[in-house]
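Worksheet: one structure, shown below.
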Amino acid sequence: MAGKNPLVKPYLKWAGGKRQLLSEIKKHVPPDIDGCTYYEPFLGAGAVFFALQPKRAVINDFNTQLMTTYTVIKEHAGELIARLKEHQDKNSAAYYYEIRNLDRDREQFGALGDVEKAARLVFLNKTCYNGLYRVNSRGFFNVPRGTYKNPSICEEAALRRISGYLNANSITILNADFAEAVRDAGAGSFVYFDPPYHSPGRTGFTSYQADGFGEEEHRRLRDLMAALTERGAKCLQSNADTEFIRGLYGPDLFDIIPVNAKRFINSDSSGRGAAGEVLIKNRN
């Protein structure tokens, strides 16, 4: 994993991001990662993906606006950068809420081009409270404006390097269900799962999309990991260290490895700090 470009890095803040756990996660990455096809079905800000910088990858997230942004960076980086510079010049409290509220009119929002939607997501992410991506039950982005004095809205050098990396390698960008994203994974594949964490008391942050991610989805993910194990894929998952999660992943197929991470993005300040988490690794 040496020789990776340090400018190819997450360009968004994202709740549950894995920067703090990279050293632990890398211990369980196959040593021949450059010879594998890498899959990440819950991409988010892509901390693990960008740290590994695989030559062949399938990246996915159920969040349509997020994955549109990755596609725009790959295909229209110059246009995105120009629009972000306009957002940076106009940044103010009134402008923030004007841009945030664009999704309240579905017809108006649907008429926006992909570059405009991507620039909106990056702008809001860089200027909203605590870098939190959250939508309400109607799917509207509802985070208030943050108090940053000089937010870095347009990281031009990083965006251009990310675009270069995505184009120089075989990177497939999807916006689908997590099971569909790994449909072709098998022997010679490494799959990293970073789902919305199990939160029995609903104290964790899972409002990335309006329909959430509940225990039935976690069971479906467990079944998928078991199926991938049978197909010869190497799998690693991050999740909360809860009784439910430990009960799902039995010792016959999986190893459970406790880790601790410092969380900096949480809507409630009492939810920040050291959190019990696990890495779940299949035996393959």
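Just remember, in the structure tokens the first chain shown is A, the second B, etc., residues are 1-based per chain, and ligands are 1-based in the order shown.
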
Among region 5-238 of chain A, which ones does DSSP place in alpha helix (DSSP H), written as a PyMOL selection string?
chain A and resi 22-26+47-52+64-75+77-90+93-100+106-110+114-127+156-168+178-181+215-230

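Counting only C-alpha atoms, region 38-54 of chain A has the following residues at most 7 Å away, ignoring those fewer than 4 positions along the same chain: A:Met1, A:Lys4, A:Val8, A:Lys9, A:Pro10, A:Leu12, A:Lys13, A:Trp14, A:Gly17, A:Lys18, A:Arg19, A:Leu22, A:Ile33, A:Asp34, A:Val58, A:Ile59, A:Asn60, A:Asp61, A:Phe178, A:Ala181, A:Val182, A:Ser189, A:Phe190, A:Val191, A:Tyr192, A:Phe193, A:Asp194, A:Pro195.
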
Would you kindly return, as a VMD selection string, each protein, DNA or RNA residue with an atom no farther than 7 Å from any atom of region 71-73 of chain A, considering only C-alpha atoms and excluding same-chain residues fewer than 3 positions away?
chain A and resid 67 to 68 76 to 77 114 to 115 118 159 163 173

From A:Arg104, A:Arg145, A:Arg160, A:Arg220, residue lying nearest Asn91 (chain A) [only C-alpha atoms]
A:Arg145

Within 9 Å of Thr229 (chain A), counting only C-alpha atoms, which residues show up once you throw out same-chain ones fewer than 4 positions away? Write them as an NGL selection string, please.
:A and (186 or 224-225 or 233-235 or 253 or 282-284)

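Residues in contact with Ala158 (chain A) at up to 6 Å, not including ones fewer than 3 positions away on its chain and judged by only C-alpha atoms, are Leu7, Glu155 and Arg161 of chain A.
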
Let's see if you can do this: from backbone DSSP, list all strand (DSSP E or B) residues in region 73-150 of chain A, as a PyMOL selection string.
chain A and resi 128+135+141+145
